[in-house]
Structure formats: structure tokens, C-alpha cells
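A.B. asks: Take a look at the following structure, please.
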Protein chains: 2
Amino acid sequence: MPTAAPVLAGALRAGRHAASNASPTCRLTQPMLKQHFNSTQARQFRLFSKPPSPEAKHDSPSKWLFPPKTVTRPLSGRPLPQRRSFLLNFMYRSAALVGTGVAFVGLCGAAFFLYDASTYKESAEAAECRVSELALQPKRGGPEDLPILDVLIDDDDTEEKQAVKDKPRLVILGGGWGGVALLKELNPGDYHVTVISPKNYFLFTPMLPSATVGTLEMRSLVEPIRRILARISGHYLRANAEDVDFSHKLVEVSQTDARGKETRFYVPYDKLVVAVGSTTNPHGVKGLENCFFLKDINDARMIRNQVIKNMELACLPTTHDAERRRLLSFVVSGGGPTGVEFAAELFDLLNEDLTKRFPKLLRNEISVHIIQSRGHILNTYDEALSKYAEDRFSRDQVDVLTNSRVKEVQSDKIIFTQKGENGETVTKELPMGFCLWSTGVAQAELCKRIADQLGHVQTNRHALETDTHLRLNGTPLGDVYAIGDCSTVQNNVANNIVSFLRGLAFKHGKDPETLELSFADWRGLAADVKKRFPQAVGHLRRLDKLFNDFDKDQSGTLDFGELRELLGEIDSKLTSLPATAQRANQQGFNVMARSAAGLSANDIRDGDVDAACYKAFEYHHLGSLAYVGNSAVFDLGGGWGLTGGLWAVYAWRGVYFAQSVGTRTRVLMAMDWMKRGLFGRDLISF
Amino acid sequence: MPTAAPVLAGALRAGRHAASNASPTCRLTQPMLKQHFNSTQARQFRLFSKPPSPEAKHDSPSKWLFPPKTVTRPLSGRPLPQRRSFLLNFMYRSAALVGTGVAFVGLCGAAFFLYDASTYKESAEAAECRVSELALQPKRGGPEDLPILDVLIDDDDTEEKQAVKDKPRLVILGGGWGGVALLKELNPGDYHVTVISPKNYFLFTPMLPSATVGTLEMRSLVEPIRRILARISGHYLRANAEDVDFSHKLVEVSQTDARGKETRFYVPYDKLVVAVGSTTNPHGVKGLENCFFLKDINDARMIRNQVIKNMELACLPTTHDAERRRLLSFVVSGGGPTGVEFAAELFDLLNEDLTKRFPKLLRNEISVHIIQSRGHILNTYDEALSKYAEDRFSRDQVDVLTNSRVKEVQSDKIIFTQKGENGETVTKELPMGFCLWSTGVAQAELCKRIADQLGHVQTNRHALETDTHLRLNGTPLGDVYAIGDCSTVQNNVANNIVSFLRGLAFKHGKDPETLELSFADWRGLAADVKKRFPQAVGHLRRLDKLFNDFDKDQSGTLDFGELRELLGEIDSKLTSLPATAQRANQQGFNVMARSAAGLSANDIRDGDVDAACYKAFEYHHLGSLAYVGNSAVFDLGGGWGLTGGLWAVYAWRGVYFAQSVGTRTRVLMAMDWMKRGLFGRDLISF
């Protein structure tokens, strides 16, 4: 007698048919069932010899009277598919991935087309437009009786602009790193913001050397200021700031009109931020008109044209040998990051793209030289990194001339003095077809004028001095700020604290000279110093040691003279901030940034609300990096550094990609790097 | 007693477990089997009441003695999953698509990075380089005793270049449409090719108006000539062709060296192709120094800067109303495709991007004017299309001034005369801040010099005359070709055929004037005309009708006078070719293109091998198209035309995308269009 158990095994095999056929298209028909049944019977004793347990026969009748809800199951009679080989399987999966991927990309493309189609404006809209009469015909006034822009022509353009119309006027001079960082930090609706700059774009300066040779396109490095201003409904004027009248709170602005005539007018402010940056430092060298500079996007264009023009001239057989070598001699004066990166990019261009398209003769006669006044290039970096960069360059046949000072630049040669090992100075000449001048920064005209006006308060000849809240020294507290390259933070801890204590002593009718500070007093004072001069924190870690060191008479207290000496020691340790994009960026974020700490009346000293409300500026050095030709160096500060090949180049790009001003520039930069990879740089000049 | 049939049904349900569990992880254990078995027993009578057929019990023993190879089947005891809802299913599928798509894109990205990493050249290779002494110190000679470049400095650079060193020298003057089309058609190794052009790039001129406003980047429209030359191992010299000495086969070339001094030299040729294009036609108008032109990529850059500069100036509140309107008055002089497309692109910029970022006041004061001397803009197009473009512009508030001739351009206004409806001429003034001059073409200096040299053979004052094989008339047969804008094909059918017949008659001692052509003679002659003058084919379709029409005396034969009259009639119907990129491109492809037909001695007439070997040039007009502001017009010839909105714009782009010179420019153009869609145009000037 057949029992059910072995039948089950056969049926299980039959069930496999269902399992192996994922598409439920073929329903089980009566003859098919019969066939299964027959074959199941035939195999009945094959697997199990044990008879079925008796309970199975006497199962509760409720189960079959009220059977559980069953689902009909489609079943295919087709033969079992064989397990595919690994290779076939892999190929099938790859094809599926590629197919789905292509479909996905296609869908994205179609979606983009739909979006793109929505970005065209069918026809011009007759925009109604309210403009105040006062905006079109400004009142005249101020010390020089010039038009005063109390109202701007786009003050009523949108609801958002109308909302900020009567807010305090924040005027920002300059659209560089400092100004733009501030713009990104401002809350919409807080201020009526006006940016005044001769250039209507922000330039991502660290990547400028890449644009000179076409690794990046120039337009990928710029972001229109108007686009940045849109978020806070700000205004932009393409003009030059000429002077500031601090008592009337007016910025004097000039603009050359279409006929070349200069017009001047005033822009009033409630708060003014000076962020005009710096100019090139000529170091008193003659003949700089024969040099190229690298401050602006137009400079990059001119450099690109000149490099390619020289190469084309060098191709002509009528150009004799010495002239060809001169044309192909590229000199970089200045071994800082800009000069070094330009030399590296130039070398890449010559090495990767030139040889492919231009006569080989050129490659062998090209020379790149870096003239550096110090003992090493990248001298602000860790020495190991400088050394690495120098080694890299020497391998790439880039000639690094250290301890050399340029005396004069002529149209076809550069004259410089080089210090020998024994200290003797030798004057040398280098024929050149191109010279880049990148030797540090000097004060802009506007800053000189401001410093002159403020007189003895401003003693630094290179930058505008501010307090630690970035407020311009000598101007009404809280009115005027200066950030970025054009400014320097004055860390006069000793003066500040000593005069504060003196004032306090006088107020309490005491002679400050007889003041004695206990260790507890000193600790309190140090906490105050730390808050006001964040840069000093690093030097105020061992308070007990400092106290003991400067308590010369071991009296257990610091007298006034001892305290002054202690603070002076700290002052001497504070260094001035570097003139970098990083610093300007951090200062931009700091100006008028809300303090996390609450405000208590006790904190306000001499009515200085800023000092109580906002945190003092503290510069956090996040490291320096430089591209040195298919490799990059990272100076992370404190002697930590990284150097490396291609991975470092990608990391270097990654850092700037992340630092970039917005999505637009990021997409553009990524596209440019892709273009370089796919097609190389285009050696075109126009 | 239980039978197997209903058991099967239960087991089938069990099989479903296997079916529904795709991952074969859970093997069937003994207790699990028992459970299945029990439940199967319980349901035994549920589905089938029919007993099993008796044959099943007596199946052949061979089947269970030698059972078929069985496969163990994993089975899951987990509950059956429910059928998912459509929505869930859809979401699951979408997620899978997106996931796979993203993975695919990621993989592509990773692959690109790997490829990209391979494109960096680690360090400079010390390339060995062979340069002939003769290349560096060329021999002097020729009529003016200048250096002759018999050998170029890169002749020995690569094996491919060495291979073509001694091949016939093909010199091409100009790197525009004609020259580049020829370069793309040449077989590698056939010629030693040298391109002489003052610009080291090919410019995709039809898209130039798009570059003026930033819809496309300038670099996306250019392709370095050296890159195009690489395929055929050609050479490039950045220099100006000044003159040609046809007897010595020398091109006189000038180049300004780095110090601004002009050097001249000779480039020898075996075959010369003149494809220098044309210059702007001043039409004798005064003050063109106040105009912008649109021939070159640098022109596009200057236009872009000027447009944005004017807008920035117009933003300043010190700019008074009349001056603002003047600054924002953009005039286009010339209603051809270039002028019309520029006006359309400019309008897009102002309409789509300007209003977003600039004060609204500007939008209301902007005006765009097109001054056209004819009765319609796009006058070479079908009239319906011209009308459509004019309607489009009038809707977009672009002011079209027809029947107007510019008299003078001053720095701040343009003076023109307009014909009224009654034929009277009125002189008008239009204040303007920008004027584009795009009113047709004039002959380049080199062509004038060549025409003067060739004397009476060259009678056309606007272009160099060639025969239908594009050979420059008046030069030794097969030496010199002229293509593109600088040339015109002389279709003097009558002269050519009549003088040929006359020659033939004299040879046979007959008087040509007494010649009588039967219809069969005429048919043979017509076949010859068709081959030599392909442009005449359209006018030689009804040979019998022509024969009858011109057989004035109904003699059944054509006498010499009648034939001359007939051919003259055909001549008068042939129009000169348009000065377009399309024509230059087709001519470029034609010059020295191999004929498909075989060569037989009979075909050679007067030793003119070219005429026998190569097909005569036939211009196929593929249609004209123009962008007219969010819509485009297509003139397909013969009165067929298309106009349309956004789909036509995409089609218009598609045509140029396909026509573009290479993959690089295509990718770049696509990226640019994407950029415009995503971020708009950047209103930056530098």
C-alpha cells in the first residue's frame, strides 16, 4: 500500500517546478496533474521507509471542514532550467546593471530636458516697476556736495527688497573672500546690504593658477556677486570706493561713465566693512610693466595667451635658436604658493599637452625658473614640505633659484642678485620670454587714504589695524570693520589690560602702581584676557608657572610692573595673521556673527556692546596646501604635514571643491577636470 | 485509506514555500517534513475525489531501480509572503531602478577616475629629437630672397611625419570651414600638409552669436588646428599669408616676432588651397570704429563685456534717464542670419537672466533694434519664414527697421536713412550704447593681391573665380584651388562649350559657324555639360523641349547661333553660391576628393586630368536655419520651411551638434547647454 510520506517527496520535486518558474503564467491542468501524480506514485518507496504516524490519519475534522484559506498556485510544466555557469551569470548580471544604468541615465536625461524646457521664458513680461524719484535724482550733500544714494533704484523691486529698505545699511567694500564670507553668514532681512566693488564677481583665487593653463576654465572660478546677494536681497554697485568720511558715515565712490568721464557720489552706511584686499607688491623693482600678475581672471587670460603665443613663435623656423630658447624660458618671481602652483601647472601644460601637439624641439628647449628671495620655496610651510617641493621640481627640471632678489625686469631678460654660500652677492641675468610677478602683497590705495585720515591710531604701514573684534581702530566703536588682506588684528594685550586696570584703580581711588594681584586675581584676569584675545589662549595654559616665573620677588602676589612684563611677554609671542583667503574667509564669517554665549550686564565694559555680544575673532589655521606638479603638499600646522602623488592631487582638488562658493562652481569645476581628463588642455589663444 | 492524489495537492502547497522563497538557505529537516506530511494527510480528501489510476501502482521498476538524477531542493518553512500592492511594487521597482542606476553611475565615475589617473604624465621624458639643419637655418631664395621653408622643424618628430616628409606638399591657407573640411577628407600619408593661418583654431561660426551672451562658452566652439592635423601628421604655422608666387610655387608668409618686428619667409607648395575666407564689408560707412563685429572668438568676448558693462553703468543712480536709455539701446546693423541670431540671443539674455539679477528699471528701458537695408530680415530665406521671424521679434519688442541704410556710426548714436512707403527717404537718428556691424562680407587682402596678379582672368571684384573643379582661374591647371567665401565658381557654360566645339571644328577642318547639331548630338553634348557643370543639371531636364524651343527655324537641327543662345539661357539661370559655412564645408570636402567613376583616356580633354579624375563641384543646398528667440526657422529650399517653438530650438541645436567638428566640441556644447539650464548665463565681464 502506498503511504503518503514518499509521495510527498515526489510532490516536493514537483513543487520545484513551481519554484523554478518565477513567472506564474502556466496554470496546472488536469492531465498535467495526472502526470505528476503518476510519477509520484512510481517513486513512492524511494526516500522514506518509515510509515506515516497514525495521528495523521485522525486529524481534527475542523481542519478540512473549514480549510485554511488557500492560494491557488500556478505551476509550469516546462523543464527545469539548469544552473547557469558563474561566467554566464556574471555576464547576465553585468548586462542587467548596464541596461538598468543606461535606462536610469536616459530617464535622468529626459527629466533634465523637461526641466530645461521650463527654463525658457516665452516672451517678455511688461514688468511694472516702482522707482523712487529720490533714487533717480539723488540729493546732493556731504563735505564735497556730491549726490548721496539714500535710495537705490532697485529698493522697491521685490517684496523682500522693500522689507529691508529701512533696515540698518550695511555697506561692504570689496567682493573677495572676506566680503563674500560675510554675505553668506548674514541673515536675510537683518540689513540693507550694498556691495561696492569694481568687479561684479567673486573669484576663487586659490585655483587661479589652474586657470592660466586651461586645467580649469576661468568662468568656473567666478561667481557673480549679484547671485550671492540674491539670498539676502542685497544690492550691488560696480564702482570704486575712493574714500570714507567717518563722521558723516559716507563712502565716497567713483565710477567712470561710458564716455570715460569720472563721476563721484556718496553711499551712506550704518555699518561699513572694508574688505578691499591688497595689491601686488612691487618691492621697488624697475620694469614691472614687463611682468604678468596673477590677481584677477583677466590676468589668467593674458598669461594663457602669452604662453601659447610664445610657443607658436618658437615653432617658426625663422626664429633663431637663442630667440627660441628665450621665448621658451618662463620665469616665476616669488616662491610662495601662487608662484609655485603656477610653475607646477605650467610644467604640466608643457609636459602633458605641449609635447603631444607641438614640435618636439620645443620640449627640449623649454625652461621654467622660480626666483625666490628666501632660502626655500614655500617658506611659510614646514621645512620638510619645502624640501619635498624642491625635490619634486628638480626632478621635473624646474629650476629653483633661492636666495635671489630681482633687481630689474627688462623686456627680454630678468636681472637678479644671488647670495652665494659664502655670503657674497653675484648679479646674474636670465633671458626670458615670460615673467610672472607674485611676490607678496601691498596696501590698496583706499586703505592708505583711510590710514592717513585716522592718523597716529593707525601705525602699521602695511595694513589697517583693528581690535580683536575686527573693528577699525580710530573709528566710532561698532561702525567700521576691516577684514581680510587689507587689515591686521592688533593683539596689544599688555596695553589693553594695563590701561583697563589703571582705569579701574582710579575709579576706586587707588594708585594703580601699588596694585597687588593674588593668584586668584590673576586667574580671573587671565580668563578675561583669553576671552578678549583668543589668539593668546595657547600662551596662557600654565597660569601657575607664569605666575611663579614673573613673581620675581616671590611675594606671592604680582605687582603692576611684574604684570606688565608678563603681558608684554605674551604680546611678543603673538604673530600677525597671514594674508590668505583662509583668514579673510574666517574673518568674514566672524564679523557680526552672533555669539553663542548670553549677554549679561556685567560683561559690558566701557559701553562696548560688541565685545560683550560677539566673540572676539580667533584665527584657526586649518592648514596650507599647494600643488607641486602631479603631487601636492599639505601643511597641517604644528609640524604635521603630508606629501603625496596622485592621491594627494585628488585630495587637493577635493579640498577646494568643498571650499568652493556654491553648487554652480562645483559642477563647473568637476566638468573642467573631466574635460582635462578626456580631451587635455586646449592650446588656443585669443 | 488515503490515496496519493489529494496528498499531491497538499504537497503542492508545500512546494509553494519553495517557490516563494528565492534564497535557498533553509534545508528541509525531519520534523518539518513530518509536519508537512501530517497536514497533507489531514487535507487528503479535500480537492480530488477521483481515486488514482491503477497503472500508476504498476509502473516499470526500472524507474525506481535507476531513478533519474535528482536535484535536492532547499525549502523554507517561513510563511508565504503576500502579494504586494501595485503601489508597493512600483515603489520597489523604482527604488531598484534608482539604486542600480546610481550604482551604474558610480561605477562609471570610478572607471573615469581610473582613466583620469592614467592621463597624468609622471615626469618629463628626455625626448630625443632629430631636427634637420636646413629646418633651423633655411636657405634663402625666391624673387625676394627670403628664407624658404623646404624642411620644417617637426618633419622628423614621429615616424608618421617622416613618412610624409617627401610626399607632395599641400599648403592650405586658412583654418576655417573650407580648410578644415579638406583636412578631414584627406587620407593620412597622401600629402605633406601645412596649414598657414593667423589663428591656431577652427571656429564653429554658426554658433558664435550664442557665445556673445554666454549661452555657449567660447572654448566650446573652437577646435585647435593642431588637433585636427594630428590624424594626417600635418604641420601648422601661425602666420599670415601675404602673397603667392605662382611661377615659383611659393607662398609669401609674414609673422610679427616677439619684439613686434615683421619677418617674412616662403613656404613652397605643390598644391595650394586658398581658403582664407572674407572680411567684414564696411559698405563705405563712416565711424565703424564705434562698432563691434562678430567674425572671431575675441569679438564675442568683447561684445559680452560691453553688453554687461553697459548694464552695470545703467544701474548706477548717477546715470541720468536719457543716458540709461542710450546705454540700453542695442543696435544690430544687418538683418542676415548673424545679426538676427545675435539679436535673438541678446534678447534671451536680457529677458531670461537680466531681470532675475538686475534692477527691474533696466528691463523696461532696454531696446534692441535691427537695421536692415532690404524689405525683410533674413531676406535670403523663404518669405514666410522672414515674416515669421519679424512677427516673433515684434512680439518680443525687438524693433525691426527695414528699408534702412546706415549712413554713419557715431560713438553714441547711429544715423540712417529709411525709405518711406511713398519712396521718400528720411534721415533718422538712433541713440545707442552698442552697435554690431554684420552686413555681409568683403574680399580679404590676400585675395585682392592674387586677383591683381592674375589680371584680366579674374574679373570678379568680390571673390576669386574658379572653374567647376574649384581650380583658381589663371593658374597652372591643378596647382591652386580656392574654396569657401573667398572664391566663386564661374559657371560660364556657354563660353566653355562654344570654345570647345570651335576647337573641335577647327581640328577637323570645319567652319564652326556651319555646324548643325542633331537631337542625338545635342543629347551627347548635354550629358557633357551636366558632368562639367553639375549646377546646370536642374536646367537640363527637358532636353527635347529645350531643343524645340531653341530650334527657331524648326530645321530639326541646332545651328551654332541657336546653340549659343540655348547655353546662354542656362548660364543666366545659374546663381552664384552663398558665402556660408555650408558651402565652404562642401567645397572643402570636394577638393581632391576621389571620384567614384573610373578614368578612361577618352574623358581627358586638353590634358585636363582633374576634370576626368574628379567630379566637378556641385553645391547641394541642405537648407538654412536661424534661431529667432525661443523658436527657430528652417528653410529647406524650394519653398519648404519649418517654424516652431521650443522643439525647433532643440532641433536647431541638434543640427549644429551633429555638424560640430568633433567629439570634444560636442561634449562641451552639451555641457554648456546643461549649464544654461541649471544655472542660467553668468553676467560677468572681464
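So you can find residues: chains in the C-alpha cells are A, B, ... in the order shown, residues in each start at 1, and ligands are numbered from 1 in order.
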Please return, as a ChimeraX atom specification, all residues of range 135-226 of chain A that DSSP assigns to strand (DSSP E) on the basis of the backbone.

C.D. replies: /A:140-141,146-147,169-173,192-197,201-203,222-224

A.B. asks: With N, CA and C atoms retained, export the selected residues as a PDB file, in the first residue's frame.

C.D. replies:
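Okay, again_37.pdb is ready:
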```pdb
ATOM      1  N   ARG A 140      21.999 116.096  -3.184  1.00  0.00           N
ATOM      2  CA  ARG A 140      23.442 116.293  -3.029  1.00  0.00           C
ATOM      3  C   ARG A 140      23.740 116.648  -1.580  1.00  0.00           C
ATOM      4  N   GLY A 141      24.954 116.407  -1.152  1.00  0.00           N
ATOM      5  CA  GLY A 141      25.309 116.751   0.218  1.00  0.00           C
ATOM      6  C   GLY A 141      26.689 116.238   0.561  1.00  0.00           C
ATOM      7  N   LEU A 146      28.322 116.018  -3.132  1.00  0.00           N
ATOM      8  CA  LEU A 146      28.108 115.026  -4.195  1.00  0.00           C
ATOM      9  C   LEU A 146      26.733 114.394  -3.997  1.00  0.00           C
ATOM     10  N   PRO A 147      26.194 113.734  -5.029  1.00  0.00           N
ATOM     11  CA  PRO A 147      24.921 113.034  -4.845  1.00  0.00           C
ATOM     12  C   PRO A 147      25.058 111.962  -3.753  1.00  0.00           C
ATOM     13  N   ARG A 169      21.862 100.141   7.258  1.00  0.00           N
ATOM     14  CA  ARG A 169      22.578  99.963   5.988  1.00  0.00           C
ATOM     15  C   ARG A 169      23.955  99.419   6.240  1.00  0.00           C
ATOM     16  N   LEU A 170      24.173  98.246   5.689  1.00  0.00           N
ATOM     17  CA  LEU A 170      25.487  97.623   5.779  1.00  0.00           C
ATOM     18  C   LEU A 170      26.149  97.750   4.412  1.00  0.00           C
ATOM     19  N   VAL A 171      27.254  98.478   4.388  1.00  0.00           N
ATOM     20  CA  VAL A 171      27.973  98.646   3.121  1.00  0.00           C
ATOM     21  C   VAL A 171      29.262  97.841   3.180  1.00  0.00           C
ATOM     22  N   ILE A 172      29.475  97.016   2.179  1.00  0.00           N
ATOM     23  CA  ILE A 172      30.673  96.178   2.129  1.00  0.00           C
ATOM     24  C   ILE A 172      31.517  96.618   0.941  1.00  0.00           C
ATOM     25  N   LEU A 173      32.758  96.988   1.223  1.00  0.00           N
ATOM     26  CA  LEU A 173      33.655  97.400   0.143  1.00  0.00           C
ATOM     27  C   LEU A 173      34.500  96.198  -0.267  1.00  0.00           C
ATOM     28  N   HIS A 192      20.090  96.203   5.194  1.00  0.00           N
ATOM     29  CA  HIS A 192      20.035  96.648   3.804  1.00  0.00           C
ATOM     30  C   HIS A 192      21.481  96.620   3.322  1.00  0.00           C
ATOM     31  N   VAL A 193      21.819  95.601   2.553  1.00  0.00           N
ATOM     32  CA  VAL A 193      23.223  95.356   2.214  1.00  0.00           C
ATOM     33  C   VAL A 193      23.556  95.933   0.836  1.00  0.00           C
ATOM     34  N   THR A 194      24.672  96.636   0.748  1.00  0.00           N
ATOM     35  CA  THR A 194      25.168  97.104  -0.544  1.00  0.00           C
ATOM     36  C   THR A 194      26.632  96.714  -0.675  1.00  0.00           C
ATOM     37  N   VAL A 195      26.954  96.047  -1.755  1.00  0.00           N
ATOM     38  CA  VAL A 195      28.358  95.710  -2.022  1.00  0.00           C
ATOM     39  C   VAL A 195      28.871  96.654  -3.094  1.00  0.00           C
ATOM     40  N   ILE A 196      30.013  97.267  -2.838  1.00  0.00           N
ATOM     41  CA  ILE A 196      30.649  98.146  -3.827  1.00  0.00           C
ATOM     42  C   ILE A 196      31.970  97.515  -4.225  1.00  0.00           C
ATOM     43  N   SER A 197      32.116  97.218  -5.498  1.00  0.00           N
ATOM     44  CA  SER A 197      33.343  96.587  -5.974  1.00  0.00           C
ATOM     45  C   SER A 197      33.491  96.869  -7.458  1.00  0.00           C
ATOM     46  N   TYR A 201      32.073  90.049  -9.772  1.00  0.00           N
ATOM     47  CA  TYR A 201      32.141  88.621  -9.471  1.00  0.00           C
ATOM     48  C   TYR A 201      33.104  88.365  -8.325  1.00  0.00           C
ATOM     49  N   PHE A 202      32.850  87.263  -7.651  1.00  0.00           N
ATOM     50  CA  PHE A 202      33.781  86.762  -6.644  1.00  0.00           C
ATOM     51  C   PHE A 202      34.687  85.763  -7.338  1.00  0.00           C
ATOM     52  N   LEU A 203      35.967  85.852  -7.055  1.00  0.00           N
ATOM     53  CA  LEU A 203      36.928  84.965  -7.714  1.00  0.00           C
ATOM     54  C   LEU A 203      37.515  83.982  -6.705  1.00  0.00           C
ATOM     55  N   VAL A 222      34.537  81.753 -10.981  1.00  0.00           N
ATOM     56  CA  VAL A 222      33.901  83.003 -10.579  1.00  0.00           C
ATOM     57  C   VAL A 222      32.424  82.785 -10.283  1.00  0.00           C
ATOM     58  N   GLU A 223      31.925  83.594  -9.385  1.00  0.00           N
ATOM     59  CA  GLU A 223      30.512  83.545  -9.040  1.00  0.00           C
ATOM     60  C   GLU A 223      30.033  84.994  -9.036  1.00  0.00           C
ATOM     61  N   PRO A 224      28.984  85.301  -9.828  1.00  0.00           N
ATOM     62  CA  PRO A 224      28.512  86.685  -9.854  1.00  0.00           C
ATOM     63  C   PRO A 224      28.074  87.136  -8.452  1.00  0.00           C
TER      64      PRO A 224
END
```

A.B. asks: Counting only C-alpha atoms, figure out which residue out of B:Ala520, B:Ile370, B:Ala463, B:Ala536 gets nearest to Phe347 in chain B.

C.D. replies: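 So, comparing all the options, the nearest one is B:Ile370.
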
A.B. asks: For Asp544 in chain A, work out the shell of residues within 8 Å, counting only C-alpha atoms and skipping chain neighbours fewer than 3 positions away, then give it as an NGL selection string.

C.D. replies: :A and (519 or 547-548)

A.B. asks: Please produce an output containing C-alpha atoms for each residue in the selection, written as a compact mmCIF listing (two decimals), in the first residue's frame.

C.D. replies:
```txt
# COMPACT_ATOMS: atom_id res chain seq x y z
CA PHE A 519 46.93 84.17 42.18
CA PHE A 547 52.67 83.50 37.95
CA ASN A 548 55.73 81.98 39.61
```

A.B. asks: Find the residues around Asp157 in chain A up to 8 Å (only C-alpha atoms counted), leave out those fewer than 4 positions away in its own chain, and share them as a VMD selection string.

C.D. replies: (chain A and resid 129 to 131 161 to 162) or (chain B and resid 359 to 360)

A.B. asks: Keeping only C-alpha atoms, take the residues you just selected and write them out as a PDB file, in the first residue's frame.

C.D. replies:
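The result, written out as again_39.pdb:
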```
ATOM      1  CA  CYS A 129       8.270  98.856 -11.791  1.00  0.00           C
ATOM      2  CA  ARG A 130       8.268 101.302  -8.930  1.00  0.00           C
ATOM      3  CA  VAL A 131      11.274 103.518  -8.591  1.00  0.00           C
ATOM      4  CA  LYS A 161      13.832  94.265  -1.060  1.00  0.00           C
ATOM      5  CA  GLN A 162      11.074  96.508   0.238  1.00  0.00           C
TER       6      GLN A 162
ATOM      7  CA  PRO B 359      17.164  96.218 -11.113  1.00  0.00           C
ATOM      8  CA  LYS B 360      13.788  95.978 -12.821  1.00  0.00           C
TER       9      LYS B 360
END
```

A.B. asks: When DSSP is applied to the backbone of this structure, which of range 237-446 of chain B are assigned alpha helix (DSSP H)? Write them out as a ChimeraX atom specification.

C.D. replies: /B:297-315,321-327,337-348,355-357,360-365,383-395,445-446

A.B. asks: Give me, as JSON, numbers by chain, all polymer residues having an atom no more than 12 Å from Asn364 in chain B, counting only C-alpha atoms and skipping those fewer than 6 positions away in the same chain.

C.D. replies: {"A": [124, 125, 126, 127, 128, 129, 130, 131], "B": [314, 321, 324, 325, 328, 329, 350, 351, 354, 355, 358, 397]}

A.B. asks: Contacts of range 582-589 of chain A at 6 Å or less, counting only C-alpha atoms, minus same-chain residues fewer than 2 places along, as a PDB file with N, CA and C atoms, in the first residue's frame?

C.D. replies:
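Written out: part09.pdb:
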```
ATOM      1  N   TRP A 177      37.153  87.286  -0.714  1.00  0.00           N
ATOM      2  CA  TRP A 177      36.881  86.236   0.265  1.00  0.00           C
ATOM      3  C   TRP A 177      36.186  86.763   1.507  1.00  0.00           C
ATOM      4  N   GLY A 178      36.700  87.894   2.047  1.00  0.00           N
ATOM      5  CA  GLY A 178      36.138  88.441   3.274  1.00  0.00           C
ATOM      6  C   GLY A 178      34.695  88.863   3.084  1.00  0.00           C
ATOM      7  N   ALA A 181      32.316  85.867   2.370  1.00  0.00           N
ATOM      8  CA  ALA A 181      32.070  85.044   3.561  1.00  0.00           C
ATOM      9  C   ALA A 181      31.060  85.738   4.463  1.00  0.00           C
ATOM     10  N   LEU A 182      31.186  87.040   4.591  1.00  0.00           N
ATOM     11  CA  LEU A 182      30.230  87.807   5.399  1.00  0.00           C
ATOM     12  C   LEU A 182      28.826  87.716   4.797  1.00  0.00           C
ATOM     13  N   GLU A 185      27.070  84.663   5.605  1.00  0.00           N
ATOM     14  CA  GLU A 185      26.755  84.490   7.023  1.00  0.00           C
ATOM     15  C   GLU A 185      25.546  85.315   7.455  1.00  0.00           C
ATOM     16  N   ILE A 483      38.434  93.649   7.321  1.00  0.00           N
ATOM     17  CA  ILE A 483      38.743  92.217   7.316  1.00  0.00           C
ATOM     18  C   ILE A 483      39.578  91.856   6.095  1.00  0.00           C
ATOM     19  N   GLY A 484      40.185  90.723   6.189  1.00  0.00           N
ATOM     20  CA  GLY A 484      40.943  90.188   5.053  1.00  0.00           C
ATOM     21  C   GLY A 484      42.326  90.788   4.936  1.00  0.00           C
ATOM     22  N   THR A 580      45.926  85.445   3.677  1.00  0.00           N
ATOM     23  CA  THR A 580      45.422  84.354   2.842  1.00  0.00           C
ATOM     24  C   THR A 580      43.910  84.406   2.740  1.00  0.00           C
ATOM     25  N   VAL A 591      32.676  88.586  11.492  1.00  0.00           N
ATOM     26  CA  VAL A 591      32.122  89.925  11.644  1.00  0.00           C
ATOM     27  C   VAL A 591      30.619  89.813  11.840  1.00  0.00           C
TER      28      VAL A 591
END
```

A.B. asks: Excluding Thr205 in chain B and its own-chain neighbours fewer than 5 positions away, which residues fall within 10 Å of it when counting only C-alpha atoms? Please give them as a ChimeraX atom specification.

C.D. replies: /B:176-177,210-211,221-222,294-297,338,580-581

A.B. asks: Rounded to one decimal place, report the CA of Asp257 in chain A-CA of Leu346 in chain B distance in Å.

C.D. replies: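 Those two atoms sit 22.3 Å apart.
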
A.B. asks: Please, what distance in Å, to one decimal, runs between CA of Leu683 in chain A and CA of Gln659 in chain A?

C.D. replies: 28.5 Å
